[in-house]
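Visitor: Contents are PDB, C-alpha atoms; file name coords16.pdb:
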```pdb
ATOM      1  CA  MET A   1       0.641 -16.393   8.086
ATOM      2  CA  GLY A   2       3.630 -14.127   8.302
ATOM      3  CA  ILE A   3       4.390 -11.652   5.538
ATOM      4  CA  ASP A   4       7.654  -9.815   4.938
ATOM      5  CA  PRO A   5       6.384  -7.228   2.457
ATOM      6  CA  GLY A   6       8.329  -6.439  -0.673
ATOM      7  CA  LEU A   7       7.743  -5.753  -4.327
ATOM      8  CA  THR A   8      10.577  -7.762  -5.882
ATOM      9  CA  ARG A   9      10.335 -10.546  -3.292
ATOM     10  CA  CYS A  10       7.532 -10.713  -0.725
ATOM     11  CA  GLY A  11       8.229 -13.401   1.868
ATOM     12  CA  VAL A  12       5.299 -15.588   2.953
ATOM     13  CA  GLY A  13       5.457 -18.104   5.778
ATOM     14  CA  VAL A  14       2.677 -20.284   7.125
ATOM     15  CA  VAL A  15       3.144 -21.685  10.605
ATOM     16  CA  GLU A  16       0.770 -23.694  12.762
ATOM     17  CA  GLY A  17       0.822 -23.371  16.507
ATOM     18  CA  THR A  18      -0.572 -21.980  19.706
ATOM     19  CA  LEU A  19       1.105 -20.496  22.744
ATOM     20  CA  GLY A  20       2.821 -23.211  24.783
ATOM     21  CA  ARG A  21       3.310 -25.688  21.931
ATOM     22  CA  PRO A  22       6.225 -25.742  19.482
ATOM     23  CA  PRO A  23       5.232 -24.057  16.196
ATOM     24  CA  ARG A  24       5.269 -26.196  13.059
ATOM     25  CA  LEU A  25       6.147 -25.180   9.494
ATOM     26  CA  VAL A  26       3.276 -25.511   7.037
ATOM     27  CA  ALA A  27       4.681 -23.717   3.986
ATOM     28  CA  VAL A  28       7.169 -21.024   3.079
ATOM     29  CA  GLY A  29       8.070 -19.157  -0.089
ATOM     30  CA  VAL A  30       8.148 -15.803  -1.809
ATOM     31  CA  VAL A  31       5.856 -13.966  -4.184
ATOM     32  CA  ARG A  32       7.970 -12.312  -6.878
ATOM     33  CA  THR A  33       6.844  -9.596  -9.263
ATOM     34  CA  SER A  34       8.556  -8.699 -12.506
ATOM     35  CA  THR A  35      10.572  -5.474 -12.651
ATOM     36  CA  GLY A  36       9.361  -5.235 -16.263
ATOM     37  CA  LEU A  37       5.884  -4.225 -15.072
ATOM     38  CA  ASP A  38       4.929  -0.736 -13.945
ATOM     39  CA  LEU A  39       4.388  -0.149 -10.226
ATOM     40  CA  ALA A  40       0.592  -0.546 -10.237
ATOM     41  CA  ARG A  41       0.799  -3.834 -12.245
ATOM     42  CA  ARG A  42       3.470  -5.115  -9.849
ATOM     43  CA  LEU A  43       1.200  -4.376  -6.894
ATOM     44  CA  LEU A  44      -1.615  -6.191  -8.692
ATOM     45  CA  ALA A  45       0.672  -9.184  -9.378
ATOM     46  CA  LEU A  46       1.567  -9.193  -5.677
ATOM     47  CA  GLU A  47      -2.119  -9.138  -4.720
ATOM     48  CA  GLU A  48      -2.780 -12.088  -7.040
ATOM     49  CA  GLY A  49       0.244 -13.992  -5.740
ATOM     50  CA  LEU A  50      -0.828 -13.468  -2.131
ATOM     51  CA  ALA A  51      -4.402 -14.489  -2.989
ATOM     52  CA  ALA A  52      -3.104 -17.936  -4.007
ATOM     53  CA  TRP A  53      -1.434 -18.301  -0.593
ATOM     54  CA  PHE A  54      -4.511 -17.135   1.313
ATOM     55  CA  ASP A  55      -6.761 -19.438  -0.706
ATOM     56  CA  GLU A  56      -4.545 -22.499  -0.328
ATOM     57  CA  TYR A  57      -3.669 -22.194   3.361
ATOM     58  CA  ARG A  58      -6.646 -20.278   4.786
ATOM     59  CA  PRO A  59      -4.705 -18.778   7.705
ATOM     60  CA  GLU A  60      -6.496 -17.652  10.878
ATOM     61  CA  ALA A  61      -4.459 -14.485  11.273
ATOM     62  CA  ALA A  62      -1.866 -12.447   9.432
ATOM     63  CA  GLY A  63       1.270 -10.851  10.813
ATOM     64  CA  ILE A  64       3.018  -8.256   8.675
ATOM     65  CA  GLU A  65       6.491  -6.851   9.265
ATOM     66  CA  ARG A  66       6.166  -3.143   9.656
ATOM     67  CA  VAL A  67       8.081  -1.049   7.147
ATOM     68  CA  PHE A  68      10.478   1.546   8.471
ATOM     69  CA  ALA A  69      12.312   4.296   6.667
ATOM     70  CA  GLN A  70      15.874   3.288   5.893
ATOM     71  CA  HIS A  71      18.650   4.325   3.556
ATOM     72  CA  ASN A  72      16.892   3.923   0.206
ATOM     73  CA  LEU A  73      13.714   5.943   0.572
ATOM     74  CA  ASN A  74      12.287   5.125  -2.858
ATOM     75  CA  SER A  75      12.586   1.415  -2.224
ATOM     76  CA  VAL A  76      10.976   1.895   1.208
ATOM     77  CA  MET A  77       7.996   3.631  -0.394
ATOM     78  CA  ASP A  78       7.543   0.673  -2.764
ATOM     79  CA  THR A  79       7.786  -1.706   0.181
ATOM     80  CA  ALA A  80       5.206   0.326   2.106
ATOM     81  CA  GLN A  81       2.849   0.164  -0.865
ATOM     82  CA  ALA A  82       3.362  -3.613  -0.997
ATOM     83  CA  SER A  83       2.594  -3.725   2.728
ATOM     84  CA  GLY A  84      -0.671  -1.895   2.125
ATOM     85  CA  VAL A  85      -1.669  -4.447  -0.498
ATOM     86  CA  ALA A  86      -0.803  -7.327   1.856
ATOM     87  CA  ALA A  87      -2.758  -5.767   4.728
ATOM     88  CA  VAL A  88      -5.868  -5.103   2.675
ATOM     89  CA  SER A  89      -5.714  -8.630   1.200
ATOM     90  CA  ALA A  90      -5.798 -10.097   4.701
ATOM     91  CA  ALA A  91      -8.408  -7.646   5.993
ATOM     92  CA  ARG A  92     -10.685  -8.361   3.023
ATOM     93  CA  ARG A  93     -10.672 -12.018   4.103
ATOM     94  CA  GLY A  94     -11.757 -11.031   7.602
ATOM     95  CA  LEU A  95      -8.433 -11.942   9.213
ATOM     96  CA  PRO A  96      -7.006 -10.117  12.203
ATOM     97  CA  VAL A  97      -3.897  -8.288  10.989
ATOM     98  CA  THR A  98      -1.056  -7.326  13.307
ATOM     99  CA  PHE A  99       1.966  -5.265  12.327
ATOM    100  CA  HIS A 100       5.198  -6.256  14.039
ATOM    101  CA  THR A 101       8.239  -4.008  14.007
ATOM    102  CA  PRO A 102      11.534  -5.563  12.871
ATOM    103  CA  SER A 103      12.873  -5.337  16.422
ATOM    104  CA  GLU A 104       9.769  -7.042  17.853
ATOM    105  CA  VAL A 105      10.277  -9.895  15.388
ATOM    106  CA  LYS A 106      13.986 -10.174  16.191
ATOM    107  CA  ALA A 107      13.286 -10.068  19.926
ATOM    108  CA  ALA A 108      10.538 -12.692  19.669
ATOM    109  CA  VAL A 109      12.651 -15.283  17.859
ATOM    110  CA  THR A 110      16.204 -14.535  19.072
ATOM    111  CA  GLY A 111      15.625 -12.798  22.405
ATOM    112  CA  SER A 112      17.418  -9.692  21.138
ATOM    113  CA  GLY A 113      15.836  -6.784  19.277
ATOM    114  CA  THR A 114      19.166  -6.005  17.631
ATOM    115  CA  ALA A 115      19.916  -9.488  16.211
ATOM    116  CA  ASP A 116      21.140  -9.546  12.605
ATOM    117  CA  LYS A 117      19.491 -11.347   9.687
ATOM    118  CA  ALA A 118      21.770 -14.387   9.996
ATOM    119  CA  GLN A 119      20.819 -14.845  13.661
ATOM    120  CA  VAL A 120      17.104 -14.581  12.840
ATOM    121  CA  THR A 121      17.475 -17.204  10.087
ATOM    122  CA  GLN A 122      19.495 -19.473  12.397
ATOM    123  CA  MET A 123      16.943 -19.236  15.216
ATOM    124  CA  ILE A 124      13.866 -19.706  13.035
ATOM    125  CA  THR A 125      15.528 -22.811  11.538
ATOM    126  CA  ARG A 126      16.027 -24.162  15.052
ATOM    127  CA  ILE A 127      12.576 -23.155  16.376
ATOM    128  CA  LEU A 128      10.796 -24.870  13.468
ATOM    129  CA  LYS A 129      13.246 -27.835  13.536
ATOM    130  CA  LEU A 130      14.042 -27.433   9.840
ATOM    131  CA  ALA A 131      16.681 -29.575   8.127
ATOM    132  CA  GLU A 132      18.131 -26.497   6.446
ATOM    133  CA  ALA A 133      17.767 -22.719   6.603
ATOM    134  CA  PRO A 134      14.869 -21.273   4.567
ATOM    135  CA  ARG A 135      15.996 -19.203   1.566
ATOM    136  CA  PRO A 136      15.873 -16.454   0.468
ATOM    137  CA  ALA A 137      16.163 -14.285   3.583
ATOM    138  CA  ASP A 138      12.693 -12.832   2.901
ATOM    139  CA  ALA A 139      11.213 -16.316   3.335
ATOM    140  CA  ALA A 140      13.044 -16.830   6.637
ATOM    141  CA  ASP A 141      11.875 -13.383   7.779
ATOM    142  CA  ALA A 142       8.277 -14.238   6.924
ATOM    143  CA  LEU A 143       8.490 -17.359   9.099
ATOM    144  CA  ALA A 144       9.915 -15.258  11.932
ATOM    145  CA  VAL A 145       6.947 -12.884  11.549
ATOM    146  CA  ALA A 146       4.542 -15.841  11.586
ATOM    147  CA  VAL A 147       6.089 -17.187  14.802
ATOM    148  CA  THR A 148       5.984 -13.683  16.297
ATOM    149  CA  GLN A 149       2.300 -13.523  15.364
ATOM    150  CA  ILE A 150       1.626 -16.762  17.259
ATOM    151  CA  TRP A 151       3.679 -15.765  20.294
ATOM    152  CA  ARG A 152       2.724 -12.088  20.487
ATOM    153  CA  GLY A 153      -0.108 -11.503  18.035
ATOM    154  CA  GLY A 154      -2.778 -13.156  20.134
ATOM    155  CA  ALA A 155      -2.234 -10.868  23.085
ATOM    156  CA  THR A 156      -2.048  -7.849  20.796
ATOM    157  CA  ASN A 157      -5.279  -8.855  19.085
ATOM    158  CA  ARG A 158      -7.062  -9.354  22.390
ATOM    159  CA  TYR A 159      -5.830  -5.957  23.539
ATOM    160  CA  ALA A 160      -6.938  -4.329  20.279
ATOM    161  CA  ALA A 161     -10.332  -6.007  20.553
ATOM    162  CA  ALA A 162     -10.728  -4.734  24.123
ATOM    163  CA  VAL A 163      -9.791  -1.194  23.070
ATOM    164  CA  ALA A 164     -12.209  -1.352  20.138
ATOM    165  CA  ALA A 165     -14.971  -2.655  22.427
ATOM    166  CA  ALA A 166     -14.294   0.104  24.980
ATOM    167  CA  LYS A 167     -14.424   2.733  22.218
ATOM    168  CA  GLY A 168     -17.704   1.316  20.964
ATOM    169  CA  LYS A 169     -19.246   1.787  24.441
ATOM    170  CA  ARG A 170     -18.441   5.492  24.683
TER
ATOM    171  CA  MET B 171      -9.512  10.111 -11.908
ATOM    172  CA  GLY B 172      -6.932  11.784  -9.744
ATOM    173  CA  ILE B 173      -6.146  10.427  -6.303
ATOM    174  CA  ASP B 174      -4.306  12.199  -3.506
ATOM    175  CA  PRO B 175      -3.629   9.180  -1.294
ATOM    176  CA  GLY B 176      -4.218   9.358   2.432
ATOM    177  CA  LEU B 177      -5.597   7.267   5.229
ATOM    178  CA  THR B 178      -7.544   9.887   7.168
ATOM    179  CA  ARG B 179      -8.612  11.755   4.034
ATOM    180  CA  CYS B 180      -7.965  10.420   0.524
ATOM    181  CA  GLY B 181      -8.777  13.031  -2.120
ATOM    182  CA  VAL B 182     -10.610  11.853  -5.244
ATOM    183  CA  GLY B 183     -11.238  14.033  -8.284
ATOM    184  CA  VAL B 184     -12.896  13.064 -11.538
ATOM    185  CA  VAL B 185     -12.206  15.286 -14.515
ATOM    186  CA  GLU B 186     -13.237  14.900 -18.136
ATOM    187  CA  GLY B 187     -11.039  16.148 -20.922
ATOM    188  CA  THR B 188      -8.479  15.594 -23.626
ATOM    189  CA  LEU B 189      -5.375  17.514 -24.592
ATOM    190  CA  GLY B 190      -6.316  20.788 -26.277
ATOM    191  CA  ARG B 191      -9.749  21.150 -24.691
ATOM    192  CA  PRO B 192     -10.514  22.735 -21.314
ATOM    193  CA  PRO B 193     -10.963  20.029 -18.656
ATOM    194  CA  ARG B 194     -14.360  19.793 -16.966
ATOM    195  CA  LEU B 195     -15.152  18.828 -13.371
ATOM    196  CA  VAL B 196     -17.223  15.655 -13.057
ATOM    197  CA  ALA B 197     -16.995  15.000  -9.312
ATOM    198  CA  VAL B 198     -14.759  15.662  -6.342
ATOM    199  CA  GLY B 199     -14.642  14.514  -2.750
ATOM    200  CA  VAL B 200     -12.689  12.609  -0.157
ATOM    201  CA  VAL B 201     -12.779   9.068   1.192
ATOM    202  CA  ARG B 202     -12.372   9.184   4.959
ATOM    203  CA  THR B 203     -11.510   6.285   7.221
ATOM    204  CA  SER B 204     -12.104   6.174  10.947
ATOM    205  CA  THR B 205      -9.090   6.510  13.245
ATOM    206  CA  GLY B 206     -10.944   4.095  15.544
ATOM    207  CA  LEU B 207     -10.151   1.191  13.212
ATOM    208  CA  ASP B 208      -6.821  -0.623  13.090
ATOM    209  CA  LEU B 209      -4.537   0.051  10.127
ATOM    210  CA  ALA B 210      -5.576  -2.976   8.047
ATOM    211  CA  ARG B 211      -9.309  -2.209   8.539
ATOM    212  CA  ARG B 212      -8.675   1.425   7.563
ATOM    213  CA  LEU B 213      -6.965   0.304   4.354
ATOM    214  CA  LEU B 214      -9.928  -1.980   3.673
ATOM    215  CA  ALA B 215     -12.362   0.895   4.299
ATOM    216  CA  LEU B 216     -10.321   3.011   1.872
ATOM    217  CA  GLU B 217     -10.473   0.241  -0.743
ATOM    218  CA  GLU B 218     -14.250   0.031  -0.334
ATOM    219  CA  GLY B 219     -14.627   3.805  -0.495
ATOM    220  CA  LEU B 220     -12.548   4.023  -3.677
ATOM    221  CA  ALA B 221     -14.497   1.103  -5.198
ATOM    222  CA  ALA B 222     -17.659   3.221  -4.978
ATOM    223  CA  TRP B 223     -15.927   6.009  -6.923
ATOM    224  CA  PHE B 224     -14.552   3.647  -9.576
ATOM    225  CA  ASP B 225     -17.926   1.958  -9.972
ATOM    226  CA  GLU B 226     -19.879   5.194 -10.230
ATOM    227  CA  TYR B 227     -17.585   7.149 -12.561
ATOM    228  CA  ARG B 228     -15.788   4.376 -14.499
ATOM    229  CA  PRO B 229     -12.686   6.466 -15.236
ATOM    230  CA  GLU B 230     -10.447   5.658 -18.225
ATOM    231  CA  ALA B 231      -7.209   6.231 -16.347
ATOM    232  CA  ALA B 232      -5.963   6.904 -12.840
ATOM    233  CA  GLY B 233      -3.333   9.389 -11.731
ATOM    234  CA  ILE B 234      -1.933   9.041  -8.221
ATOM    235  CA  GLU B 235       0.192  11.578  -6.394
ATOM    236  CA  ARG B 236       3.447   9.937  -5.524
ATOM    237  CA  VAL B 237       4.277   9.801  -1.828
ATOM    238  CA  PHE B 238       7.579  11.226  -0.685
ATOM    239  CA  ALA B 239       9.311  10.972   2.649
ATOM    240  CA  GLN B 240       8.745  14.093   4.709
ATOM    241  CA  HIS B 241       8.917  15.151   8.315
ATOM    242  CA  ASN B 242       6.538  12.662   9.895
ATOM    243  CA  LEU B 243       7.825   9.272   8.724
ATOM    244  CA  ASN B 244       5.101   7.192  10.372
ATOM    245  CA  SER B 245       2.397   9.183   8.679
ATOM    246  CA  VAL B 246       4.266   8.893   5.354
ATOM    247  CA  MET B 247       4.340   5.106   5.682
ATOM    248  CA  ASP B 248       0.564   5.066   6.233
ATOM    249  CA  THR B 249       0.111   7.313   3.202
ATOM    250  CA  ALA B 250       2.329   5.017   1.105
ATOM    251  CA  GLN B 251       0.234   2.023   2.161
ATOM    252  CA  ALA B 252      -2.908   3.943   1.164
ATOM    253  CA  SER B 253      -1.239   4.695  -2.174
ATOM    254  CA  GLY B 254      -0.612   0.993  -2.731
ATOM    255  CA  VAL B 255      -4.282   0.248  -2.102
ATOM    256  CA  ALA B 256      -5.345   2.982  -4.533
ATOM    257  CA  ALA B 257      -2.926   1.754  -7.223
ATOM    258  CA  VAL B 258      -3.999  -1.855  -6.963
ATOM    259  CA  SER B 259      -7.674  -0.847  -7.001
ATOM    260  CA  ALA B 260      -7.142   0.946 -10.319
ATOM    261  CA  ALA B 261      -4.895  -1.777 -11.775
ATOM    262  CA  ARG B 262      -7.432  -4.469 -10.870
ATOM    263  CA  ARG B 263      -9.948  -2.590 -13.025
ATOM    264  CA  GLY B 264      -7.531  -2.631 -15.968
ATOM    265  CA  LEU B 265      -6.865   1.116 -15.847
ATOM    266  CA  PRO B 266      -3.534   2.659 -16.781
ATOM    267  CA  VAL B 267      -2.052   4.088 -13.585
ATOM    268  CA  THR B 268       0.462   6.919 -13.587
ATOM    269  CA  PHE B 269       2.233   8.256 -10.516
ATOM    270  CA  HIS B 270       2.888  11.993 -10.548
ATOM    271  CA  THR B 271       5.329  13.613  -8.151
ATOM    272  CA  PRO B 272       4.057  16.596  -6.145
ATOM    273  CA  SER B 273       6.309  18.925  -8.148
ATOM    274  CA  GLU B 274       5.028  17.534 -11.462
ATOM    275  CA  VAL B 275       1.473  18.213 -10.314
ATOM    276  CA  LYS B 276       2.324  21.729  -9.128
ATOM    277  CA  ALA B 277       4.192  22.467 -12.362
ATOM    278  CA  ALA B 278       1.359  21.134 -14.521
ATOM    279  CA  VAL B 279      -1.350  23.304 -12.970
ATOM    280  CA  THR B 280       0.544  26.412 -11.832
ATOM    281  CA  GLY B 281       3.617  26.436 -14.077
ATOM    282  CA  SER B 282       5.896  26.209 -11.043
ATOM    283  CA  GLY B 283       7.081  23.015  -9.352
ATOM    284  CA  THR B 284       7.515  24.892  -6.082
ATOM    285  CA  ALA B 285       4.021  26.423  -5.852
ATOM    286  CA  ASP B 286       2.332  26.166  -2.443
ATOM    287  CA  LYS B 287      -0.972  24.455  -1.682
ATOM    288  CA  ALA B 288      -2.950  27.704  -1.843
ATOM    289  CA  GLN B 289      -1.634  28.428  -5.347
ATOM    290  CA  VAL B 290      -2.528  24.917  -6.526
ATOM    291  CA  THR B 291      -6.058  25.288  -5.138
ATOM    292  CA  GLN B 292      -6.415  28.734  -6.716
ATOM    293  CA  MET B 293      -5.251  27.551 -10.144
ATOM    294  CA  ILE B 294      -7.323  24.373 -10.188
ATOM    295  CA  THR B 295     -10.382  26.466  -9.284
ATOM    296  CA  ARG B 296      -9.635  28.712 -12.263
ATOM    297  CA  ILE B 297      -8.761  25.887 -14.699
ATOM    298  CA  LEU B 298     -11.998  24.041 -13.968
ATOM    299  CA  LYS B 299     -14.003  27.322 -13.816
ATOM    300  CA  LEU B 300     -15.411  26.474 -10.393
ATOM    301  CA  ALA B 301     -17.588  28.925  -8.480
ATOM    302  CA  GLU B 302     -15.593  28.269  -5.317
ATOM    303  CA  ALA B 303     -12.407  26.507  -4.261
ATOM    304  CA  PRO B 304     -12.785  22.762  -3.654
ATOM    305  CA  ARG B 305     -12.373  21.773  -0.006
ATOM    306  CA  PRO B 306     -10.635  20.161   1.791
ATOM    307  CA  ALA B 307      -7.158  20.661   0.289
ATOM    308  CA  ASP B 308      -6.932  16.912  -0.434
ATOM    309  CA  ALA B 309      -9.912  17.226  -2.777
ATOM    310  CA  ALA B 310      -8.315  20.174  -4.608
ATOM    311  CA  ASP B 311      -5.060  18.222  -4.864
ATOM    312  CA  ALA B 312      -6.878  15.237  -6.338
ATOM    313  CA  LEU B 313      -8.345  17.482  -9.048
ATOM    314  CA  ALA B 314      -4.873  18.839  -9.768
ATOM    315  CA  VAL B 315      -3.616  15.256 -10.129
ATOM    316  CA  ALA B 316      -6.528  14.455 -12.468
ATOM    317  CA  VAL B 317      -5.731  17.473 -14.665
ATOM    318  CA  THR B 318      -2.030  16.499 -14.624
ATOM    319  CA  GLN B 319      -3.059  13.001 -15.713
ATOM    320  CA  ILE B 320      -4.927  14.441 -18.713
ATOM    321  CA  TRP B 321      -2.148  16.850 -19.644
ATOM    322  CA  ARG B 322       0.856  14.628 -18.952
ATOM    323  CA  GLY B 323      -0.444  11.121 -18.244
ATOM    324  CA  GLY B 324      -1.253  10.286 -21.863
ATOM    325  CA  ALA B 325       2.282  10.931 -23.028
ATOM    326  CA  THR B 326       3.693   9.078 -20.047
ATOM    327  CA  ASN B 327       1.418   6.116 -20.734
ATOM    328  CA  ARG B 328       2.412   6.023 -24.385
ATOM    329  CA  TYR B 329       6.061   6.146 -23.358
ATOM    330  CA  ALA B 330       5.561   3.376 -20.784
ATOM    331  CA  ALA B 331       3.702   1.284 -23.354
ATOM    332  CA  ALA B 332       6.553   1.741 -25.859
ATOM    333  CA  VAL B 333       9.122   0.741 -23.240
ATOM    334  CA  ALA B 334       7.061  -2.305 -22.262
ATOM    335  CA  ALA B 335       6.675  -3.287 -25.933
ATOM    336  CA  ALA B 336      10.418  -2.892 -26.538
ATOM    337  CA  LYS B 337      11.181  -5.035 -23.494
ATOM    338  CA  GLY B 338       8.790  -7.714 -24.727
ATOM    339  CA  LYS B 339      10.698  -7.930 -28.019
ATOM    340  CA  ARG B 340      14.068  -8.651 -26.422
TER
END
```
Step by step, read the file and then write its structure as structure tokens.
Guide:
Amino acid sequence: MGIDPGLTRCGVGVVEGTLGRPPRLVAVGVVRTSTGLDLARRLLALEEGLAAWFDEYRPEAAGIERVFAQHNLNSVMDTAQASGVAAVSAARRGLPVTFHTPSEVKAAVTGSGTADKAQVTQMITRILKLAEAPRPADAADALAVAVTQIWRGGATNRYAAAVAAAKGKR
Amino acid sequence: MGIDPGLTRCGVGVVEGTLGRPPRLVAVGVVRTSTGLDLARRLLALEEGLAAWFDEYRPEAAGIERVFAQHNLNSVMDTAQASGVAAVSAARRGLPVTFHTPSEVKAAVTGSGTADKAQVTQMITRILKLAEAPRPADAADALAVAVTQIWRGGATNRYAAAVAAAKGKR
């Protein structure tokens, strides 16, 4: 499962696949929370919305797009809080969780870390052999994160597991 | 309950009181998470640590210090994710949650929004009539947030409730 964290729209994409086989779309959508709620209730609504996705699709791993500081710092802080809720939701279910930077996601699906949103959407549509581009952009991004998780997450998880094991031996 | 969100040390302070009466210390401490865990597992450990505090002290409301962008952006993003976990933990328990900016907290306990950490610690020690200053600083900050919640949170909550009610009527 790939997650593009957000408070107004949190993209969620479920993709099936292993390295060496073409990934297949399982489901894609967004969890929306009402701007009429206060921040804590919105985060709770997000947690509940994500729970429905986790319960229905029972993913084996979660990839989350890492939040970076941009122009609108307040909105970034909300997005980071949403990311925390997504991460803890996955961790509570015992899933490995990998954070992928936006440029890692772009590089994984387009070959270029500086691709724009339109290119990412175009490539993910092609990779998953979809009849039309997923909308909104957050949904397309979540699928790109999910594909990145399949193509890069495994290695990262094995590396993390090895580091954790080595630390445990000290 | 006041929470000074953090991933390495998350301050938690429980204070009893109402407007017009001197607040009283109930408990103070920090939830620590191991740097040996990955980010998602640390957020989960924080959630579990906070759950123990919520379950033991059953607070009526939660105040959380709002995270602002500072020098170290990566560390701020981690703190914001920790804040999201704290907020959703309180919201899940049905508590009103109010975010207080650092300057609101400083102003509430010292009278000046630009007070430094030492002044906040000194004043919170005096306000709660403690024999010695709470340590670490995150614990003292959490108590300051809790006192701010008592002194300002009620009004803010009533205002938020009125706004929510007005929106519902539209």
Visitor: One decimal, in Å: what's the spacing between atom CA of Ile3 of chain A and atom CA of Gly233 of chain B?
Guide: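 Taking atom CA of Ile3 of chain A and atom CA of Gly233 of chain B, their separation equals 28.3 Å.
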Visitor: So how far away is atom CA of Gln319 of chain B from atom CA of Thr249 of chain B, in Å?
Guide: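 Value for the atom CA of Thr249 of chain B-atom CA of Gln319 of chain B distance: 20.0 Å.
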Visitor: Would you mind listing, as an NGL selection string, all residues of chain B that have at least one atom within 10 Å of chain A, where all atoms listed in the file are what counts?
Guide: :B and (206-218 or 236-239 or 243-244 or 246-262 or 264-269 or 330-331 or 333-334 or 337-338)
Visitor: Could you state which residues are captured by the PyMOL selection byres ((chain B and resi 308) around 8) in this file, as a PDB file with C-alpha atoms, in the frame of the given file?
Guide:
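Generated output (part_10.pdb):
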```
ATOM      1  CA  ASP B 174      -4.306  12.199  -3.506  1.00  0.00           C
ATOM      2  CA  ARG B 179      -8.612  11.755   4.034  1.00  0.00           C
ATOM      3  CA  CYS B 180      -7.965  10.420   0.524  1.00  0.00           C
ATOM      4  CA  GLY B 181      -8.777  13.031  -2.120  1.00  0.00           C
ATOM      5  CA  VAL B 182     -10.610  11.853  -5.244  1.00  0.00           C
ATOM      6  CA  VAL B 200     -12.689  12.609  -0.157  1.00  0.00           C
ATOM      7  CA  ARG B 305     -12.373  21.773  -0.006  1.00  0.00           C
ATOM      8  CA  PRO B 306     -10.635  20.161   1.791  1.00  0.00           C
ATOM      9  CA  ALA B 307      -7.158  20.661   0.289  1.00  0.00           C
ATOM     10  CA  ALA B 309      -9.912  17.226  -2.777  1.00  0.00           C
ATOM     11  CA  ALA B 310      -8.315  20.174  -4.608  1.00  0.00           C
ATOM     12  CA  ASP B 311      -5.060  18.222  -4.864  1.00  0.00           C
ATOM     13  CA  ALA B 312      -6.878  15.237  -6.338  1.00  0.00           C
TER      14      ALA B 312
END
```
Visitor: Skip segment 228-230 of chain B itself and residues of its chain fewer than 3 positions away, then list as a ChimeraX atom specification all residues within 7 Å of it, counting all atoms listed in the file.
Guide: /B:171,224-225,265
Visitor: Step by step, gather every atom of segment 145-150 of chain A that the file lists, find the box along x, y and z that holds them, add 6 Å on each side, and finally give centre and edge lengths in Å to one decimal, as JSON.
Guide:
```
{"center_x": 4.3, "center_y": -15.0, "center_z": 14.4, "size_x": 17.3, "size_y": 16.3, "size_z": 17.7}
```
Visitor: Could you please determine the separation between atom CA of Ile297 of chain B and atom CA of Glu226 of chain B in Å, to one decimal place?
Guide: 23.9 Å
Visitor: Any chance you could resolve the PyMOL selection byres ((chain B and resi 276) around 12) against this file and give the residues as a PDB file with C-alpha atoms, in the coordinates of the input?
Guide:
```pdb
ATOM      1  CA  GLU B 235       0.192  11.578  -6.394  1.00  0.00           C
ATOM      2  CA  HIS B 270       2.888  11.993 -10.548  1.00  0.00           C
ATOM      3  CA  THR B 271       5.329  13.613  -8.151  1.00  0.00           C
ATOM      4  CA  PRO B 272       4.057  16.596  -6.145  1.00  0.00           C
ATOM      5  CA  SER B 273       6.309  18.925  -8.148  1.00  0.00           C
ATOM      6  CA  GLU B 274       5.028  17.534 -11.462  1.00  0.00           C
ATOM      7  CA  VAL B 275       1.473  18.213 -10.314  1.00  0.00           C
ATOM      8  CA  ALA B 277       4.192  22.467 -12.362  1.00  0.00           C
ATOM      9  CA  ALA B 278       1.359  21.134 -14.521  1.00  0.00           C
ATOM     10  CA  VAL B 279      -1.350  23.304 -12.970  1.00  0.00           C
ATOM     11  CA  THR B 280       0.544  26.412 -11.832  1.00  0.00           C
ATOM     12  CA  GLY B 281       3.617  26.436 -14.077  1.00  0.00           C
ATOM     13  CA  SER B 282       5.896  26.209 -11.043  1.00  0.00           C
ATOM     14  CA  GLY B 283       7.081  23.015  -9.352  1.00  0.00           C
ATOM     15  CA  THR B 284       7.515  24.892  -6.082  1.00  0.00           C
ATOM     16  CA  ALA B 285       4.021  26.423  -5.852  1.00  0.00           C
ATOM     17  CA  ASP B 286       2.332  26.166  -2.443  1.00  0.00           C
ATOM     18  CA  LYS B 287      -0.972  24.455  -1.682  1.00  0.00           C
ATOM     19  CA  ALA B 288      -2.950  27.704  -1.843  1.00  0.00           C
ATOM     20  CA  GLN B 289      -1.634  28.428  -5.347  1.00  0.00           C
ATOM     21  CA  VAL B 290      -2.528  24.917  -6.526  1.00  0.00           C
ATOM     22  CA  THR B 291      -6.058  25.288  -5.138  1.00  0.00           C
ATOM     23  CA  GLN B 292      -6.415  28.734  -6.716  1.00  0.00           C
ATOM     24  CA  MET B 293      -5.251  27.551 -10.144  1.00  0.00           C
ATOM     25  CA  ILE B 294      -7.323  24.373 -10.188  1.00  0.00           C
ATOM     26  CA  ALA B 310      -8.315  20.174  -4.608  1.00  0.00           C
ATOM     27  CA  ASP B 311      -5.060  18.222  -4.864  1.00  0.00           C
ATOM     28  CA  ALA B 312      -6.878  15.237  -6.338  1.00  0.00           C
ATOM     29  CA  LEU B 313      -8.345  17.482  -9.048  1.00  0.00           C
ATOM     30  CA  ALA B 314      -4.873  18.839  -9.768  1.00  0.00           C
ATOM     31  CA  VAL B 315      -3.616  15.256 -10.129  1.00  0.00           C
ATOM     32  CA  ALA B 316      -6.528  14.455 -12.468  1.00  0.00           C
ATOM     33  CA  VAL B 317      -5.731  17.473 -14.665  1.00  0.00           C
ATOM     34  CA  THR B 318      -2.030  16.499 -14.624  1.00  0.00           C
TER      35      THR B 318
END
```
Visitor: Exactly which residues make up the result of the PyMOL selection byres ((chain A and resi 26) around 6) on this file, given as a PDB file with C-alpha atoms, in the frame of the given file?
Guide:
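Saved result, out08.pdb, follows:
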```
ATOM      1  CA  VAL A  14       2.677 -20.284   7.125  1.00  0.00           C
ATOM      2  CA  VAL A  15       3.144 -21.685  10.605  1.00  0.00           C
ATOM      3  CA  LEU A  25       6.147 -25.180   9.494  1.00  0.00           C
ATOM      4  CA  ALA A  27       4.681 -23.717   3.986  1.00  0.00           C
TER       5      ALA A  27
END
```
